[in-house]
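A.B. asks: Please find entry_31.cif (mmCIF, C-alpha atoms) on the next line:
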data_model
loop_
_atom_site.label_atom_id
_atom_site.label_comp_id
_atom_site.auth_asym_id
_atom_site.auth_seq_id
_atom_site.Cartn_x
_atom_site.Cartn_y
_atom_site.Cartn_z
CA GLN Y 1 -2.46 13.13 15.53
CA VAL Y 2 -1.41 11.03 12.58
CA GLN Y 3 -4.21 9.58 10.51
CA LEU Y 4 -4.12 7.32 7.47
CA VAL Y 5 -7.48 6.80 5.81
CA GLU Y 6 -7.90 4.25 3.05
CA SER Y 7 -10.70 4.35 0.51
CA GLY Y 8 -11.63 2.81 -2.81
CA GLY Y 9 -12.24 -0.79 -1.83
CA GLY Y 10 -15.26 -2.74 -2.95
CA LEU Y 11 -16.68 -5.80 -4.62
CA VAL Y 12 -15.53 -6.45 -8.18
CA GLN Y 13 -15.30 -9.32 -10.62
CA ALA Y 14 -12.15 -11.12 -11.65
CA GLY Y 15 -10.31 -9.11 -14.28
CA ASP Y 16 -11.62 -5.76 -13.06
CA SER Y 17 -9.61 -2.87 -11.69
CA LEU Y 18 -9.73 -0.79 -8.53
CA ARG Y 19 -7.73 2.15 -7.26
CA LEU Y 20 -7.16 2.47 -3.55
CA SER Y 21 -6.29 5.78 -1.95
CA CYS Y 22 -4.59 6.52 1.36
CA ALA Y 23 -5.02 10.06 2.64
CA ALA Y 24 -2.47 11.05 5.28
CA SER Y 25 -2.67 13.82 7.84
CA GLY Y 26 -0.73 14.87 10.92
CA LEU Y 27 2.68 14.11 9.43
CA ASN Y 28 5.13 15.51 6.92
CA PHE Y 29 4.06 13.36 4.02
CA ARG Y 30 7.05 14.27 1.88
CA SER Y 31 9.39 12.75 4.45
CA VAL Y 32 7.70 9.37 4.89
CA ALA Y 33 7.86 6.21 2.86
CA MET Y 34 4.53 4.53 2.23
CA GLY Y 35 3.51 0.94 1.97
CA TRP Y 36 0.49 -1.20 1.23
CA PHE Y 37 -0.17 -4.52 2.91
CA ARG Y 38 -3.11 -6.89 2.84
CA GLN Y 39 -4.58 -9.54 5.06
CA ALA Y 40 -6.93 -12.27 3.91
CA PRO Y 41 -9.15 -14.19 6.36
CA GLY Y 42 -7.12 -16.68 8.35
CA LYS Y 43 -3.81 -15.48 6.91
CA GLY Y 44 -1.01 -13.21 8.01
CA ARG Y 45 -0.32 -9.72 6.78
CA GLU Y 46 1.24 -9.75 3.32
CA PHE Y 47 3.42 -7.10 1.72
CA VAL Y 48 1.87 -5.65 -1.43
CA ALA Y 49 3.84 -2.57 -2.44
CA ALA Y 50 6.00 0.27 -1.16
CA ILE Y 51 7.21 3.62 -2.42
CA SER Y 52 10.06 5.85 -1.35
CA LEU Y 53 9.79 9.51 -0.31
CA SER Y 54 10.15 10.92 -3.79
CA GLY Y 55 8.44 8.04 -5.54
CA GLY Y 56 11.63 7.12 -7.33
CA SER Y 57 11.80 3.64 -5.81
CA LYS Y 58 8.88 1.24 -5.89
CA TYR Y 59 8.71 -2.35 -4.75
CA TYR Y 60 6.08 -5.04 -5.12
CA GLY Y 61 5.17 -8.38 -3.67
CA ASP Y 62 5.66 -11.28 -6.05
CA SER Y 63 1.95 -12.04 -6.26
CA VAL Y 64 1.06 -8.56 -7.55
CA LYS Y 65 4.02 -7.68 -9.77
CA GLY Y 66 2.92 -6.55 -13.21
CA ARG Y 67 -0.69 -6.02 -12.07
CA PHE Y 68 -0.51 -3.44 -9.28
CA THR Y 69 1.09 0.01 -9.34
CA ILE Y 70 1.90 2.15 -6.33
CA SER Y 71 2.15 5.92 -6.62
CA ARG Y 72 2.01 9.02 -4.48
CA ASP Y 73 1.04 12.65 -4.79
CA ASN Y 74 3.00 14.62 -2.23
CA ALA Y 75 0.98 17.76 -2.94
CA LYS Y 76 -2.18 15.92 -1.90
CA ASN Y 77 -0.65 13.90 0.95
CA THR Y 78 -2.03 10.79 -0.68
CA ALA Y 79 -0.71 7.41 -1.75
CA TYR Y 80 -2.43 5.21 -4.29
CA LEU Y 81 -2.57 1.58 -5.27
CA GLN Y 82 -3.83 0.89 -8.78
CA MET Y 83 -4.92 -2.73 -9.00
CA ASN Y 84 -5.53 -4.25 -12.42
CA SER Y 85 -6.43 -7.75 -13.55
CA LEU Y 86 -7.77 -8.57 -10.13
CA LYS Y 87 -8.03 -12.20 -9.09
CA PRO Y 88 -10.14 -13.89 -6.40
CA GLU Y 89 -6.95 -14.48 -4.43
CA ASP Y 90 -6.52 -10.71 -4.14
CA THR Y 91 -9.50 -10.66 -1.79
CA ALA Y 92 -8.33 -9.16 1.49
CA VAL Y 93 -8.40 -6.12 3.71
CA TYR Y 94 -5.86 -3.66 2.36
CA PHE Y 95 -3.92 -1.41 4.71
CA CYS Y 96 -1.70 1.55 4.00
CA ALA Y 97 1.20 2.32 6.30
CA ALA Y 98 3.69 5.13 6.86
CA ASP Y 99 7.38 4.79 7.70
CA VAL Y 100 8.47 8.10 9.24
CA ARG Y 101 12.16 7.16 9.45
CA PRO Y 102 12.91 5.28 6.25
CA ALA Y 103 16.36 3.86 5.80
CA THR Y 104 18.89 5.94 3.91
CA TYR Y 105 19.35 2.98 1.63
CA TYR Y 106 15.73 2.20 0.81
CA SER Y 107 15.56 -1.36 -0.48
CA SER Y 108 12.95 -4.00 -1.21
CA ASN Y 109 14.10 -6.14 1.72
CA TYR Y 110 13.63 -3.17 4.02
CA ALA Y 111 10.34 -1.88 2.62
CA ARG Y 112 8.52 -5.21 2.77
CA VAL Y 113 8.90 -5.57 6.55
CA ALA Y 114 5.70 -4.57 8.35
CA GLY Y 115 7.64 -3.72 11.50
CA GLN Y 116 9.37 -0.83 9.73
CA TYR Y 117 6.11 1.10 9.56
CA ASP Y 118 5.01 3.42 12.32
CA TYR Y 119 1.42 4.22 11.44
CA TRP Y 120 -1.35 2.17 9.88
CA GLY Y 121 -4.75 2.89 8.43
CA GLN Y 122 -7.92 1.08 9.42
CA GLY Y 123 -8.05 -0.92 6.19
CA THR Y 124 -10.41 -1.17 3.25
CA GLN Y 125 -12.03 -4.38 2.06
CA VAL Y 126 -11.41 -5.63 -1.47
CA THR Y 127 -13.46 -8.59 -2.62
CA VAL Y 128 -12.94 -10.17 -6.02
CA SER Y 129 -15.54 -12.63 -7.22
CA SER Y 130 -14.80 -15.34 -9.78
#
Go ahead and express the file in the form of structure tokens.

C.D. replies:
Amino acid sequence: QVQLVESGGGLVQAGDSLRLSCAASGLNFRSVAMGWFRQAPGKGREFVAAISLSGGSKYYGDSVKGRFTISRDNAKNTAYLQMNSLKPEDTAVYFCAADVRPATYYSSNYARVAGQYDYWGQGTQVTVSS
């Protein structure tokens, strides 16, 4: 079965960096688009970043642009989220997600919609202290 397993979360101070990983199994990783979302206590799920099949297209939520970088290693079936200059408001559970039928025209408006994704990981907690 399909599994997405996030890792790399933790407790850090404001200004620090973290790199999240999402290891995928049970699917053809090269043919899926990947996304990262987050959910803070009492809030809805928020789009963070997405990456196309080849990695040629990347999109980011407004609150993380310039600080976070999404990437993928198709040889390792893994997606990454490099998070720099972390802020207390970045505190949330971070989820990776896989879109097994990405649109031919892969756009930001498409990639940021949680409903486009077919599989989700269990989440990893990121806590940023001030």

A.B. asks: Pick out the closest residue to Met34 in chain Y from this set: Y:Val64, Y:Val5, Y:Leu86, Y:Ala97. Count all atoms listed in the file.

C.D. replies: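 Closest to Met34 in chain Y, using all atoms listed in the file: Y:Ala97.
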
A.B. asks: Write out as a PyMOL selection string each polymer residue whose atoms come within 7 Å of Pro88 in chain Y, counting only C-alpha atoms; drop sequence neighbours fewer than 2 positions from it.

C.D. replies: chain Y and resi 14+86+90-91+128-130

A.B. asks: Would you export the selected residues with C-alpha atoms as a PDB file, in the coordinates of the input, please?

C.D. replies:
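New file selection.pdb:
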ATOM      1  CA  ALA Y  14     -12.150 -11.120 -11.650  1.00  0.00           C
ATOM      2  CA  LEU Y  86      -7.770  -8.570 -10.130  1.00  0.00           C
ATOM      3  CA  ASP Y  90      -6.520 -10.710  -4.140  1.00  0.00           C
ATOM      4  CA  THR Y  91      -9.500 -10.660  -1.790  1.00  0.00           C
ATOM      5  CA  VAL Y 128     -12.940 -10.170  -6.020  1.00  0.00           C
ATOM      6  CA  SER Y 129     -15.540 -12.630  -7.220  1.00  0.00           C
ATOM      7  CA  SER Y 130     -14.800 -15.340  -9.780  1.00  0.00           C
TER       8      SER Y 130
END

A.B. asks: Once the PyMOL selection byres ((chain Y and resi 67-80) around 8) is applied to the coordinates I shared, what remains selected? I want it as a ChimeraX atom specification.

C.D. replies: /Y:19-25,29-30,34,49-51,55,58,60,64-66,81-86

A.B. asks: Please write the residues from the selection above to a file, keeping C-alpha atoms, as a PDB file, in the coordinates of the input.

C.D. replies:
ATOM      1  CA  ARG Y  19      -7.730   2.150  -7.260  1.00  0.00           C
ATOM      2  CA  LEU Y  20      -7.160   2.470  -3.550  1.00  0.00           C
ATOM      3  CA  SER Y  21      -6.290   5.780  -1.950  1.00  0.00           C
ATOM      4  CA  CYS Y  22      -4.590   6.520   1.360  1.00  0.00           C
ATOM      5  CA  ALA Y  23      -5.020  10.060   2.640  1.00  0.00           C
ATOM      6  CA  ALA Y  24      -2.470  11.050   5.280  1.00  0.00           C
ATOM      7  CA  SER Y  25      -2.670  13.820   7.840  1.00  0.00           C
ATOM      8  CA  PHE Y  29       4.060  13.360   4.020  1.00  0.00           C
ATOM      9  CA  ARG Y  30       7.050  14.270   1.880  1.00  0.00           C
ATOM     10  CA  MET Y  34       4.530   4.530   2.230  1.00  0.00           C
ATOM     11  CA  ALA Y  49       3.840  -2.570  -2.440  1.00  0.00           C
ATOM     12  CA  ALA Y  50       6.000   0.270  -1.160  1.00  0.00           C
ATOM     13  CA  ILE Y  51       7.210   3.620  -2.420  1.00  0.00           C
ATOM     14  CA  GLY Y  55       8.440   8.040  -5.540  1.00  0.00           C
ATOM     15  CA  LYS Y  58       8.880   1.240  -5.890  1.00  0.00           C
ATOM     16  CA  TYR Y  60       6.080  -5.040  -5.120  1.00  0.00           C
ATOM     17  CA  VAL Y  64       1.060  -8.560  -7.550  1.00  0.00           C
ATOM     18  CA  LYS Y  65       4.020  -7.680  -9.770  1.00  0.00           C
ATOM     19  CA  GLY Y  66       2.920  -6.550 -13.210  1.00  0.00           C
ATOM     20  CA  LEU Y  81      -2.570   1.580  -5.270  1.00  0.00           C
ATOM     21  CA  GLN Y  82      -3.830   0.890  -8.780  1.00  0.00           C
ATOM     22  CA  MET Y  83      -4.920  -2.730  -9.000  1.00  0.00           C
ATOM     23  CA  ASN Y  84      -5.530  -4.250 -12.420  1.00  0.00           C
ATOM     24  CA  SER Y  85      -6.430  -7.750 -13.550  1.00  0.00           C
ATOM     25  CA  LEU Y  86      -7.770  -8.570 -10.130  1.00  0.00           C
TER      26      LEU Y  86
END

A.B. asks: Rounded to one decimal place, report the CA of Arg101 in chain Y-CA of Gly8 in chain Y distance in Å.

C.D. replies: 27.1 Å

A.B. asks: Take the PyMOL selection byres ((chain Y and resi 103) around 12), apply it to the structure above, and return the hits as a ChimeraX atom specification.

C.D. replies: /Y:31-33,52-53,99-102,104-111,116-117

A.B. asks: So, counting all atoms listed in the file, which residue among Y:Gln125, Y:Gln3, Y:Gln13, Y:Ser57 is closest to Ala98 in chain Y?

C.D. replies: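 Among the listed residues, Y:Gln3 lies closest to Ala98 in chain Y.
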
A.B. asks: Could you state the separation of CA of Glu89 in chain Y and CA of Val126 in chain Y in Å, given to one decimal place?

C.D. replies: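 CA of Glu89 in chain Y sits 10.3 Å away from CA of Val126 in chain Y.
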
A.B. asks: Can you tell me how far CA of Arg45 in chain Y sits from CA of Ser7 in chain Y, in Å to one decimal?

C.D. replies: 18.6 Å

A.B. asks: Using the file's own x, y and z axes, so that the box edges lie along x, y and z, what centre and edge lengths in Å (one decimal) does a box around every listed atom of range 54-68 of chain Y get when 8 Å is added on each side? Give it as lines of an AutoDock Vina configuration file.

C.D. replies:
center_x = 5.6
center_y = -0.6
center_z = -8.4
size_x = 28.5
size_y = 39.0
size_z = 25.5

A.B. asks: Would you mind telling me which residue in Y:Val113, Y:Lys43, Y:Trp36, Y:Asp16 lies nearest to Cys96 in chain Y when using all atoms listed in the file?

C.D. replies: Y:Trp36

A.B. asks: Which residue is closest to Gly9 in chain Y? Choose from Y:Ser54, Y:Arg112, Y:Arg38, Y:Gly61 and count all atoms listed in the file.

C.D. replies: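 Counting all atoms listed in the file, the residue closest to Gly9 in chain Y is Y:Arg38.
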
A.B. asks: Show which residues sit within 7 Å of Thr127 in chain Y, as a list of chain:residue names. Count all atoms listed in the file, and ignore same-chain residues fewer than 3 positions away.

C.D. replies: Y:Gly10, Y:Leu11, Y:Val12, Y:Thr91, Y:Ala92

A.B. asks: For each of Y:Val93, Y:Val2, Y:Leu27, Y:Leu18, take the minimum atom-to-atom distance to Gly42 in chain Y, counting all atoms listed in the file, then give the residue where this is smallest.

C.D. replies: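 Of all the options, Y:Val93 lies closest to Gly42 in chain Y.
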